[in-house]
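Trainee: Handing over data_22.cif, mmCIF, C-alpha atoms.
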```cif
data_coords
loop_
_atom_site.label_atom_id
_atom_site.label_comp_id
_atom_site.auth_asym_id
_atom_site.auth_seq_id
_atom_site.Cartn_x
_atom_site.Cartn_y
_atom_site.Cartn_z
CA MET S 1210 -56.50 40.48 -37.86
CA ARG S 1211 -58.95 37.91 -39.10
CA ARG S 1212 -56.82 37.44 -42.20
CA MET S 1213 -53.73 36.61 -40.13
CA TYR S 1214 -55.76 34.17 -38.12
CA ARG S 1215 -56.91 32.40 -41.24
CA ILE S 1216 -53.34 32.11 -42.53
CA TRP S 1217 -52.24 30.54 -39.22
CA LEU S 1218 -55.08 28.02 -39.42
CA GLN S 1219 -54.08 27.09 -42.94
CA VAL S 1220 -50.44 26.53 -41.94
CA THR S 1221 -51.52 24.42 -39.00
CA TYR S 1222 -53.80 22.39 -41.25
CA LEU S 1223 -50.97 21.75 -43.69
CA CYS S 1224 -48.65 20.66 -40.90
CA ALA S 1225 -51.23 18.39 -39.33
CA ILE S 1226 -52.72 16.83 -42.47
CA LEU S 1227 -50.62 17.39 -45.58
CA LEU S 1228 -47.04 17.40 -44.15
CA PRO S 1229 -47.14 15.43 -40.89
CA ILE S 1230 -43.72 13.89 -41.17
CA ARG S 1231 -41.82 17.08 -41.87
CA CYS S 1232 -43.46 19.02 -39.07
CA ARG S 1233 -42.89 16.29 -36.50
CA GLU S 1234 -39.17 16.13 -37.28
CA PHE S 1235 -38.74 19.32 -35.32
CA PRO S 1236 -36.74 18.14 -32.21
CA HIS S 1237 -38.70 20.20 -29.74
CA TYR S 1238 -42.00 18.80 -30.97
CA LEU S 1239 -40.68 15.25 -30.93
CA PHE S 1240 -39.22 15.57 -27.44
CA GLN S 1241 -42.44 17.03 -26.10
CA SER S 1242 -44.39 14.15 -27.56
CA LEU S 1243 -42.03 11.64 -25.89
CA MET S 1244 -42.39 13.36 -22.54
CA LYS S 1245 -46.17 12.90 -22.45
CA GLY S 1246 -46.87 10.44 -19.69
CA TYR S 1247 -43.13 10.02 -19.00
CA ASN S 1248 -42.15 9.65 -15.32
CA LYS S 1249 -38.45 10.11 -14.67
CA ASP S 1250 -38.79 8.59 -11.18
CA GLU S 1251 -39.35 5.20 -12.82
CA TRP S 1252 -36.32 3.40 -14.15
CA PRO S 1253 -36.52 1.99 -17.72
CA SER S 1254 -37.13 -1.62 -16.65
CA TYR S 1255 -39.76 -0.67 -14.07
CA GLN S 1256 -42.62 -1.95 -16.18
CA GLU S 1257 -40.88 -5.25 -16.91
CA GLY S 1258 -41.27 -6.53 -13.36
CA ILE S 1259 -39.36 -6.96 -10.11
CA GLY S 1260 -35.82 -8.30 -10.27
CA ILE S 1261 -35.13 -7.19 -13.84
CA PRO S 1262 -32.51 -4.43 -13.57
CA THR S 1263 -31.75 -1.72 -16.07
CA ARG S 1264 -28.33 -2.40 -17.51
CA VAL S 1265 -26.11 0.60 -18.13
CA TYR S 1266 -22.96 0.26 -20.25
CA VAL S 1267 -20.16 2.69 -19.41
CA GLU S 1268 -17.30 4.23 -21.39
CA VAL S 1269 -14.46 6.29 -19.90
CA TYR S 1270 -12.14 8.37 -22.07
CA ILE S 1271 -9.20 9.98 -20.24
CA VAL S 1272 -8.28 13.43 -21.48
CA SER S 1273 -5.51 14.20 -18.99
CA ILE S 1274 -3.97 12.99 -15.74
CA SER S 1275 -2.06 15.45 -13.61
CA SER S 1276 -0.80 16.13 -10.11
CA VAL S 1277 0.06 12.59 -9.04
CA ASP S 1278 1.02 13.73 -5.55
CA ALA S 1279 2.63 11.37 -3.03
CA GLY S 1280 2.30 13.96 -0.26
CA SER S 1281 -1.49 14.18 -0.36
CA MET S 1282 -1.82 10.73 -1.97
CA ASP S 1283 -4.14 11.74 -4.78
CA PHE S 1284 -4.21 12.49 -8.49
CA VAL S 1285 -6.36 14.63 -10.79
CA VAL S 1286 -8.06 13.14 -13.84
CA ASP S 1287 -10.08 14.86 -16.58
CA PHE S 1288 -12.31 12.44 -18.48
CA TYR S 1289 -15.46 11.89 -20.52
CA LEU S 1290 -18.07 9.62 -18.96
CA THR S 1291 -20.47 8.04 -21.46
CA GLN S 1292 -23.41 5.85 -20.40
CA HIS S 1293 -25.64 3.74 -22.63
CA TRP S 1294 -28.99 2.17 -21.71
CA ARG S 1295 -32.27 1.24 -23.32
CA ASP S 1296 -35.52 2.94 -22.35
CA PRO S 1297 -38.63 1.50 -24.09
CA ARG S 1298 -40.57 4.66 -23.28
CA MET S 1299 -38.29 6.69 -25.57
CA ARG S 1300 -39.10 4.80 -28.77
CA PHE S 1301 -40.40 6.78 -31.72
CA SER S 1302 -41.15 6.16 -35.38
CA GLU S 1303 -38.12 5.54 -37.56
CA ASN S 1304 -39.73 7.66 -40.30
CA ILE S 1305 -39.50 10.80 -38.20
CA SER S 1306 -35.77 11.07 -37.52
CA LYS S 1307 -32.64 9.01 -37.14
CA ILE S 1308 -31.33 10.40 -33.83
CA LEU S 1309 -32.81 12.88 -31.37
CA GLU S 1310 -30.09 15.02 -29.78
CA LEU S 1311 -30.59 16.97 -26.55
CA HIS S 1312 -28.06 19.67 -25.72
CA GLN S 1313 -30.04 21.74 -23.27
CA LEU S 1314 -29.49 20.81 -19.65
CA ARG S 1315 -33.14 21.49 -18.78
CA GLN S 1316 -34.19 18.87 -21.34
CA ILE S 1317 -31.64 16.31 -20.14
CA LYS S 1318 -32.83 16.67 -16.56
CA LYS S 1319 -36.32 15.55 -17.60
CA LEU S 1320 -34.95 12.09 -18.44
CA TRP S 1321 -34.31 9.23 -16.06
CA LEU S 1322 -30.54 9.14 -15.54
CA PRO S 1323 -28.25 6.63 -13.82
CA ASP S 1324 -26.68 7.77 -10.56
CA PRO S 1325 -23.01 6.70 -10.62
CA TYR S 1326 -20.66 8.40 -8.18
CA ILE S 1327 -16.90 8.07 -7.68
CA ILE S 1328 -16.18 6.39 -4.37
CA ASN S 1329 -12.56 7.54 -4.06
CA SER S 1330 -13.28 11.10 -5.17
CA LYS S 1331 -12.12 13.97 -2.95
CA SER S 1332 -13.74 16.56 -5.18
CA ALA S 1333 -15.29 16.62 -8.65
CA TYR S 1334 -17.16 18.97 -10.95
CA PHE S 1335 -18.81 19.12 -14.36
CA HIS S 1336 -17.35 21.45 -16.97
CA GLU S 1337 -19.59 24.41 -17.72
CA VAL S 1338 -17.58 26.43 -20.32
CA THR S 1339 -18.90 27.75 -22.54
CA LEU S 1340 -22.07 25.74 -21.99
CA PRO S 1341 -22.64 22.70 -19.77
CA ASN S 1342 -20.52 19.93 -21.29
CA ARG S 1343 -23.34 17.38 -21.37
CA PHE S 1344 -25.57 15.99 -24.09
CA ALA S 1345 -27.95 13.08 -24.69
CA ARG S 1346 -28.83 11.15 -27.83
CA ILE S 1347 -31.91 8.99 -28.34
CA THR S 1348 -32.33 6.52 -31.21
CA PRO S 1349 -35.72 5.43 -32.61
CA GLU S 1350 -35.29 2.08 -30.81
CA GLY S 1351 -35.16 3.87 -27.45
CA ASN S 1352 -31.39 3.55 -26.92
CA VAL S 1353 -30.20 6.48 -24.82
CA THR S 1354 -26.61 7.77 -24.72
CA TYR S 1355 -25.64 10.28 -22.05
CA ASN S 1356 -22.22 11.97 -22.20
CA SER S 1357 -20.62 14.37 -19.72
CA ARG S 1358 -17.18 15.78 -19.01
CA LEU S 1359 -15.82 15.76 -15.47
CA THR S 1360 -12.67 16.61 -13.57
CA ALA S 1361 -12.09 14.76 -10.30
CA LYS S 1362 -9.39 14.63 -7.65
CA LEU S 1363 -9.15 11.00 -6.64
CA SER S 1364 -7.50 9.52 -3.58
CA CYS S 1365 -4.86 6.83 -4.04
CA ASN S 1366 -3.48 4.79 -1.17
CA MET S 1367 0.21 4.83 -2.05
CA GLN S 1368 2.85 2.51 -0.62
CA LEU S 1369 6.21 4.30 -0.50
CA ARG S 1370 8.52 1.62 0.86
CA LEU S 1371 10.36 1.48 -2.49
CA TYR S 1372 10.28 5.23 -3.13
CA PRO S 1373 11.66 6.51 -5.51
CA MET S 1374 11.67 3.14 -7.30
CA ASP S 1375 8.02 2.49 -6.51
CA THR S 1376 5.01 1.63 -8.67
CA GLN S 1377 1.65 2.94 -7.51
CA GLU S 1378 -1.69 1.34 -8.36
CA CYS S 1379 -4.54 3.85 -8.32
CA GLU S 1380 -8.22 3.37 -9.09
CA ILE S 1381 -11.17 5.14 -10.63
CA TYR S 1382 -14.01 3.58 -8.67
CA PHE S 1383 -17.62 4.02 -9.89
CA GLU S 1384 -20.69 2.79 -8.06
CA SER S 1385 -24.44 3.36 -8.05
CA TYR S 1386 -25.39 5.57 -5.15
CA GLY S 1387 -29.09 4.81 -4.63
CA TYR S 1388 -30.08 1.96 -6.96
CA SER S 1389 -29.39 -1.59 -5.82
CA THR S 1390 -28.58 -4.42 -8.21
CA GLU S 1391 -32.32 -5.23 -8.40
CA ILE S 1392 -32.85 -1.91 -10.18
CA LEU S 1393 -29.55 -0.94 -11.84
CA TYR S 1394 -26.53 -2.86 -13.01
CA PHE S 1395 -23.36 -1.30 -14.42
CA HIS S 1396 -21.28 -2.95 -17.14
CA TRP S 1397 -18.31 -1.86 -19.15
CA HIS S 1398 -18.94 -1.17 -22.82
CA TRP S 1399 -19.48 -4.34 -24.83
CA GLU S 1400 -16.44 -3.44 -26.95
CA SER S 1401 -13.41 -3.75 -24.72
CA ASP S 1402 -11.34 -1.18 -26.63
CA LYS S 1403 -14.08 1.42 -26.01
CA ALA S 1404 -14.65 0.60 -22.35
CA PHE S 1405 -11.62 2.56 -21.19
CA SER S 1406 -9.27 4.56 -23.40
CA ILE S 1407 -6.65 7.25 -22.99
CA THR S 1408 -5.69 10.06 -25.30
CA GLU S 1409 -2.61 9.23 -27.37
CA ASN S 1410 -0.63 12.35 -26.39
CA LEU S 1411 -0.90 11.80 -22.65
CA GLU S 1412 2.50 12.01 -20.91
CA LEU S 1413 3.26 12.19 -17.20
CA PRO S 1414 6.43 14.08 -16.16
CA GLN S 1415 7.64 11.62 -13.49
CA PHE S 1416 5.70 8.45 -14.25
CA PHE S 1417 5.31 5.78 -16.85
CA MET S 1418 1.75 4.47 -17.06
CA SER S 1419 1.19 0.87 -18.08
CA ALA S 1420 -1.96 -0.58 -19.63
CA PRO S 1421 -5.03 -0.11 -17.41
CA THR S 1422 -7.21 -2.92 -16.11
CA THR S 1423 -11.01 -2.79 -15.98
CA LEU S 1424 -13.26 -4.97 -13.89
CA GLU S 1425 -16.88 -5.20 -12.72
CA CYS S 1426 -17.82 -5.77 -9.11
CA VAL S 1427 -20.67 -5.74 -6.60
CA ASP S 1428 -20.32 -4.09 -3.19
CA LYS S 1429 -22.31 -5.32 -0.25
CA TYR S 1430 -23.72 -2.87 2.28
CA SER S 1431 -26.35 -3.09 5.01
CA MET S 1432 -28.86 -1.59 2.56
CA GLY S 1433 -28.22 -4.18 -0.14
CA LEU S 1434 -25.98 -4.95 -3.08
CA PHE S 1435 -24.76 -2.18 -5.38
CA SER S 1436 -23.11 -2.53 -8.77
CA CYS S 1437 -19.68 -0.99 -9.26
CA LEU S 1438 -16.95 -0.56 -11.88
CA LYS S 1439 -13.20 -0.18 -11.37
CA VAL S 1440 -10.29 1.02 -13.47
CA LYS S 1441 -6.84 0.20 -12.12
CA LEU S 1442 -4.02 2.46 -13.26
CA LYS S 1443 -0.35 1.67 -12.65
CA PHE S 1444 2.04 4.60 -12.28
CA GLN S 1445 5.69 3.51 -12.39
CA ARG S 1446 7.97 6.26 -11.16
CA GLU S 1447 10.78 7.33 -13.46
CA LEU S 1448 14.10 6.97 -11.64
CA SER S 1449 16.14 9.27 -13.88
CA TYR S 1450 14.92 12.45 -12.14
CA HIS S 1451 15.94 11.20 -8.69
CA LEU S 1452 19.26 9.87 -9.98
CA ILE S 1453 20.20 13.38 -11.07
CA GLN S 1454 18.63 15.33 -8.23
CA THR S 1455 19.23 13.05 -5.25
CA TYR S 1456 21.48 10.03 -5.73
CA LEU S 1457 24.31 11.64 -7.72
CA PRO S 1458 24.76 14.70 -5.42
CA THR S 1459 24.82 12.57 -2.27
CA PHE S 1460 27.26 10.13 -3.87
CA LEU S 1461 29.58 13.01 -4.69
CA ILE S 1462 29.30 14.46 -1.18
CA VAL S 1463 30.32 11.15 0.36
CA SER S 1464 33.25 10.88 -2.08
CA ILE S 1465 34.39 14.43 -1.30
CA SER S 1466 34.43 13.66 2.43
CA TRP S 1467 37.11 11.02 1.76
CA VAL S 1468 39.57 13.72 0.65
CA SER S 1469 40.19 14.20 4.36
CA PHE S 1470 42.15 10.92 4.44
CA TRP S 1471 44.80 12.38 2.12
CA LEU S 1472 45.34 15.52 4.19
CA SER S 1473 48.00 15.78 6.86
CA VAL S 1474 47.07 14.99 10.44
CA ASP S 1475 48.29 18.44 11.42
CA ALA S 1476 45.90 20.16 8.93
CA VAL S 1477 43.24 20.56 11.60
CA PRO S 1478 41.26 23.48 10.04
CA ALA S 1479 41.12 21.81 6.62
CA ARG S 1480 39.97 18.39 7.83
CA VAL S 1481 37.47 19.68 10.39
CA SER S 1482 35.90 22.21 8.04
CA LEU S 1483 35.67 19.61 5.24
CA GLY S 1484 33.92 17.13 7.53
CA ILE S 1485 31.43 19.66 8.93
CA THR S 1486 30.68 21.14 5.49
CA THR S 1487 29.91 17.77 3.92
CA LEU S 1488 27.75 16.80 6.91
CA LEU S 1489 25.72 20.01 6.69
CA THR S 1490 25.37 19.59 2.93
CA MET S 1491 24.00 16.08 3.45
CA THR S 1492 21.44 17.45 5.92
CA THR S 1493 20.30 20.01 3.36
CA LEU S 1494 19.99 17.38 0.62
CA ILE S 1495 17.94 15.15 2.92
CA SER S 1496 15.51 17.97 3.65
CA GLY S 1497 15.12 18.69 -0.06
CA ALA S 1498 14.63 15.04 -0.98
CA LYS S 1499 11.88 14.54 1.62
CA GLN S 1500 10.00 17.66 0.66
CA GLY S 1501 6.48 16.81 -0.42
CA LEU S 1502 6.54 13.30 1.06
CA PRO S 1503 4.13 12.23 3.80
CA ALA S 1504 5.36 11.33 7.28
CA VAL S 1505 4.98 7.55 7.10
CA SER S 1506 5.88 5.14 9.89
CA TYR S 1507 7.90 2.73 7.73
CA ILE S 1508 11.36 3.12 6.18
CA LYS S 1509 11.57 4.08 2.51
CA ALA S 1510 14.34 3.17 0.09
CA LEU S 1511 15.34 6.83 0.02
CA ASP S 1512 15.68 6.83 3.82
CA VAL S 1513 18.09 3.89 3.65
CA TRP S 1514 20.25 5.67 1.08
CA MET S 1515 20.27 9.04 2.84
CA GLY S 1516 20.87 7.50 6.25
CA THR S 1517 23.81 5.43 5.01
CA CYS S 1518 25.38 8.39 3.20
CA THR S 1519 25.03 10.52 6.32
CA PHE S 1520 26.62 7.75 8.38
CA PHE S 1521 29.63 7.59 6.02
CA VAL S 1522 30.12 11.36 6.12
CA PHE S 1523 29.84 11.39 9.90
CA SER S 1524 32.23 8.43 10.16
CA THR S 1525 34.80 10.38 8.12
CA LEU S 1526 34.64 13.20 10.65
CA LEU S 1527 34.78 10.73 13.52
CA GLU S 1528 37.81 9.04 11.93
CA TYR S 1529 39.75 12.29 12.12
CA VAL S 1530 38.88 12.61 15.81
CA VAL S 1531 40.44 9.18 16.38
CA VAL S 1532 43.48 10.02 14.24
CA SER S 1533 44.00 13.32 16.03
CA LYS S 1534 43.80 11.61 19.40
CA VAL S 1535 46.28 8.89 18.38
CA SER S 1536 48.77 11.40 16.97
CA ARG S 1537 48.95 13.21 20.32
CA ARG S 1538 49.21 10.11 22.50
CA LYS S 1539 52.41 9.38 24.47
CA ILE S 1540 53.57 5.82 23.73
CA PRO S 1541 55.50 4.06 26.53
CA MET S 1542 58.72 2.44 25.30
CA VAL S 1543 58.87 -1.16 26.51
CA VAL S 1544 61.61 -3.33 24.94
CA GLN S 1545 62.87 -6.79 25.65
CA ALA S 1546 66.62 -6.54 26.28
CA HIS S 1547 69.08 -8.58 24.25
CA ARG S 1548 71.91 -10.49 25.73
CA ASN S 1549 74.42 -8.37 23.83
CA VAL S 1550 72.85 -5.26 25.28
CA ALA S 1551 73.01 -6.74 28.75
CA SER S 1552 76.66 -7.66 28.34
CA HIS S 1553 77.43 -4.18 27.00
CA LEU S 1554 75.74 -2.57 29.94
CA ALA S 1555 77.53 -5.00 32.24
CA ARG S 1556 80.83 -3.81 30.86
CA SER S 1557 79.59 -0.29 31.58
CA HIS S 1558 79.21 -1.29 35.26
CA THR S 1559 75.41 -1.50 34.92
CA SER S 1560 73.88 -4.43 36.72
CA ILE S 1561 71.10 -5.84 34.56
CA SER S 1562 70.31 -9.51 34.33
CA PRO S 1563 69.83 -11.18 30.92
CA GLY S 1564 66.23 -11.20 29.73
CA ALA S 1565 65.26 -8.28 31.96
CA THR S 1566 62.84 -5.62 30.80
CA LEU S 1567 64.18 -2.10 30.53
CA LYS S 1568 61.82 0.82 30.89
CA TYR S 1569 62.39 4.41 30.00
CA ASP S 1570 61.85 7.10 32.54
CA ASN S 1571 61.49 10.53 30.93
CA GLY S 1572 63.32 9.37 27.83
CA TYR S 1573 66.29 7.70 29.54
CA LEU S 1574 66.93 4.21 30.77
CA ALA S 1575 66.64 3.67 34.49
CA ASN S 1576 70.12 2.71 35.67
CA GLY S 1577 71.13 3.10 32.03
CA PRO S 1578 74.41 4.04 30.47
CA SER S 1579 76.24 7.22 31.15
CA SER S 1580 76.30 10.24 28.85
CA GLY S 1581 79.46 9.00 27.18
CA GLU S 1582 77.84 5.70 26.42
CA ARG S 1583 74.80 7.52 25.00
CA ASN S 1584 77.06 9.39 22.56
CA HIS S 1585 78.61 6.08 21.58
CA LEU S 1586 75.10 4.70 20.86
CA ARG S 1587 74.28 7.70 18.67
CA SER S 1588 77.42 7.12 16.60
CA ARG S 1589 76.37 3.51 15.97
CA ARG S 1590 72.85 4.19 14.67
CA LEU S 1591 73.94 4.73 11.07
CA SER S 1592 76.63 2.07 10.98
CA ASP S 1593 74.07 -0.56 12.03
CA GLY S 1594 71.57 0.59 9.44
CA TYR S 1595 68.89 1.78 11.90
CA GLU S 1596 67.08 5.09 11.58
CA TYR S 1597 64.98 6.51 14.37
CA ASP S 1598 63.03 9.67 15.01
CA SER S 1599 64.78 12.59 16.61
CA GLU S 1600 62.46 12.31 19.57
CA THR S 1601 63.39 8.65 20.12
CA PRO S 1602 66.08 8.17 22.80
CA PRO S 1603 69.26 6.62 21.46
CA GLU S 1604 69.01 3.79 23.97
CA ALA S 1605 65.72 2.75 22.31
CA ALA S 1606 67.43 2.74 18.94
CA PHE S 1607 70.15 0.50 20.26
CA LEU S 1608 67.71 -1.85 21.89
CA ALA S 1609 65.76 -2.09 18.59
CA LEU S 1610 68.77 -3.13 16.54
CA PRO S 1611 68.47 -6.20 14.34
CA GLY S 1612 68.73 -9.32 16.44
CA SER S 1613 66.85 -7.92 19.43
CA ALA S 1614 63.92 -9.88 20.86
CA ARG S 1615 61.20 -7.44 19.65
CA PRO S 1616 61.34 -4.17 17.62
CA ILE S 1617 60.14 -1.00 19.27
CA ALA S 1618 56.62 0.28 18.54
CA SER S 1619 56.28 3.01 15.95
CA THR S 1620 55.73 6.60 16.94
CA ALA S 1621 52.26 8.12 17.46
CA ALA S 1622 52.44 10.10 14.20
CA GLN S 1623 53.18 6.96 12.24
CA GLN S 1624 50.24 5.12 13.84
CA ALA S 1625 47.89 7.97 12.98
CA LYS S 1626 49.09 7.97 9.39
CA ARG S 1627 48.57 4.22 9.20
CA ILE S 1628 44.91 4.70 10.26
CA ASP S 1629 44.43 7.18 7.41
CA VAL S 1630 45.95 4.73 4.93
CA ILE S 1631 43.58 1.99 6.10
CA ALA S 1632 40.61 4.38 5.86
CA ARG S 1633 41.49 5.23 2.23
CA VAL S 1634 40.76 1.63 1.30
CA LEU S 1635 38.15 0.66 3.89
CA PHE S 1636 35.63 3.49 3.39
CA PRO S 1637 35.33 3.24 -0.44
CA SER S 1638 35.17 -0.55 -0.21
CA LEU S 1639 32.34 -0.51 2.31
CA PHE S 1640 30.44 2.15 0.38
CA GLY S 1641 30.86 0.19 -2.85
CA ALA S 1642 29.55 -2.97 -1.17
CA PHE S 1643 26.56 -1.02 0.15
CA ASN S 1644 25.81 0.31 -3.34
CA PHE S 1645 25.92 -3.18 -4.80
CA VAL S 1646 23.50 -4.60 -2.23
CA TYR S 1647 21.24 -1.52 -2.27
CA TRP S 1648 20.68 -1.31 -6.02
CA ILE S 1649 20.35 -5.05 -6.57
CA TYR S 1650 17.80 -5.44 -3.77
CA TYR S 1651 15.59 -2.44 -4.52
CA LEU S 1652 15.67 -2.81 -8.29
CA LEU S 1653 14.50 -6.40 -7.95
CA GLN S 1654 11.78 -5.31 -5.54
CA SER S 1655 10.72 -2.57 -7.96
CA TRP S 1656 10.61 -5.07 -10.80
CA ASP S 1657 8.35 -7.39 -8.80
CA GLN S 1658 6.04 -4.55 -7.78
CA ALA S 1659 5.68 -3.41 -11.38
CA GLY S 1660 4.66 -6.92 -12.33
CA GLY S 1661 7.83 -7.72 -14.27
CA GLU S 1662 6.94 -5.32 -17.08
#
```
Translate this structure into structure tokens?

Mentor:
Amino acid sequence: MRRMYRIWLQVTYLCAILLPIRCREFPHYLFQSLMKGYNKDEWPSYQEGIGIPTRVYVEVYIVSISSVDAGSMDFVVDFYLTQHWRDPRMRFSENISKILELHQLRQIKKLWLPDPYIINSKSAYFHEVTLPNRFARITPEGNVTYNSRLTAKLSCNMQLRLYPMDTQECEIYFESYGYSTEILYFHWHWESDKAFSITENLELPQFFMSAPTTLECVDKYSMGLFSCLKVKLKFQRELSYHLIQTYLPTFLIVSISWVSFWLSVDAVPARVSLGITTLLTMTTLISGAKQGLPAVSYIKALDVWMGTCTFFVFSTLLEYVVVSKVSRRKIPMVVQAHRNVASHLARSHTSISPGATLKYDNGYLANGPSSGERNHLRSRRLSDGYEYDSETPPEAAFLALPGSARPIASTAAQQAKRIDVIARVLFPSLFGAFNFVYWIYYLLQSWDQAGGE
């Protein structure tokens, strides 16, 4: 036992006298020597006097961005947060080691650390697999680097007036929680390309992300001034997805509803079922398009499109109601008599003054010609080049011969058909004009919101 004790004394003597440098390079021994008299409650510039803050330089490296959700107005970001500052108390001899690395969380917690927090964070956590993803490095000059990996769900106040042609500007907002600007001041890394960077392979499924913007700021509260840092990210929504899933189907539904104008007025089941089916399909598409969107008080670009398409489909169904009503209407036959007609009726012992108005009563002229005269009128309809419907009384055909004061009004079926013909041109023209105005207006607005990029 005494022999072992002597050996231990000899080794200790060699380490202390003969090989001091090599023995003190052991990280644990060096760290313990730096911790003697170290008080982590004092910030690095505490000994330099009042009003001299400790300046911390920050780097942010984005690993991934996911779940940019308009419904909950937030997004999830996974990033590395690196902080640099100088602590004179952590200086050590350059002959001992180049860099002191601390990977154990219990050692890192013995150091004074900045206290940044994310203002717009809904939730956040440090990664702990397989070990806590945090480390610290200390140089002989006392420069401390502290790195950690975090995942945070950040709120983003989104404006959806141009949805789905919108561009959202979201922030990552850091600020000191307890240290005022008299104690702690945050800065971005002195090299701008290292201040904020994003992994090269980062792709968002529905968004195009433009170059971020970094800035430094100071927030004023009742308890004083606090240093802060901001990163502004622009997410420009890709329109191609919504063109395929929303705009194209609704455009086709509106176009299909116009097939009703080419169907016969008497095809009641076909026209009614087509109108109701397209209207119900539009309702289903509207519900699917609004799924996942918040209930906002203002009108979105998507609401304008869906509302207009629904109006066109409903108007198509309403047009058939008007056409059906017109086709079943009884049209009174009022015709200005011609002098030749009056003279003919006079020869038939009918007393009618020239210029008088003749009205039909149940399809026959009041005080009109006799049955023999009616047969004579029927025989003249082809010789005079006038065709009339079988339901039209022959007296009306005679009164509408060329040279009369005014031709007779067309039948109800012909008026209904004329409405359909007008609708074939009117509806596509109005919808085309709406498309022109809609896309020009909102694409220009989207361009301005994206900053003309």

Trainee: Given the choices S:Leu1639, S:Leu1526, S:Leu1511, S:Cys1437, which gets closest to Ser1496 in chain S if the distance is worked out from all atoms listed in the file?

Mentor: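 Checking each of S:Leu1639, S:Leu1526, S:Leu1511, S:Cys1437 against Ser1496 in chain S, counting all atoms listed in the file, the winner is S:Leu1511.
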
Trainee: Could you give me, as a list in words, the residues within 8 Å of range 1369-1379 of chain S, counting all atoms listed in the file and dropping anything in the same chain fewer than 3 positions from it?

Mentor: Ser1364, Cys1365, Asn1366, Lys1441, Leu1442, Lys1443, Phe1444, Gln1445, Arg1446, Glu1447, Leu1448, His1451, Tyr1507, Ile1508, Lys1509, Ala1510, Leu1511, Tyr1651, Leu1652, Gln1654, Ser1655, Gln1658 and Ala1659 of chain S

Trainee: So how far away is CA of Tyr1382 in chain S from CA of Asn1329 in chain S, in Å?

Mentor: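 Taking CA of Asn1329 in chain S as the start and CA of Tyr1382 in chain S as the end point, the length is 6.2 Å.
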
Trainee: Identify the residues within 10 Å of coordinate (48.7, 10.7, 19.2) (same frame as the file), considering only C-alpha atoms, and give the answer as a list in words.

Mentor: Val1474, Val1531, Val1532, Ser1533, Lys1534, Val1535, Ser1536, Arg1537, Arg1538, Lys1539, Ile1540, Thr1620, Ala1621, Ala1622, Gln1623, Gln1624 and Ala1625 of chain S

Trainee: Between CA of Tyr1650 in chain S and CA of Phe1284 in chain S, measure the distance and give it in Å to one decimal.

Mentor: 28.8 Å

Trainee: Would you translate the PyMOL selection byres ((chain S and resi 1479-1486) around 12) into the concrete set of residues it matches in this file, as a count of residues only?

Mentor: 38

Trainee: Write out as a list of chain:residue names each polymer residue whose atoms come within 7 Å of range 1291-1303 of chain S, counting all atoms listed in the file; drop sequence neighbours fewer than 6 positions from it.

Mentor: S:Leu1243, S:Pro1253, S:Arg1264, S:Val1265, S:Tyr1266, S:Val1267, S:Glu1268, S:Val1269, S:Pro1349, S:Glu1350, S:Gly1351, S:Asn1352, S:Val1353, S:Thr1354, S:Tyr1355, S:Asn1356, S:Ser1357
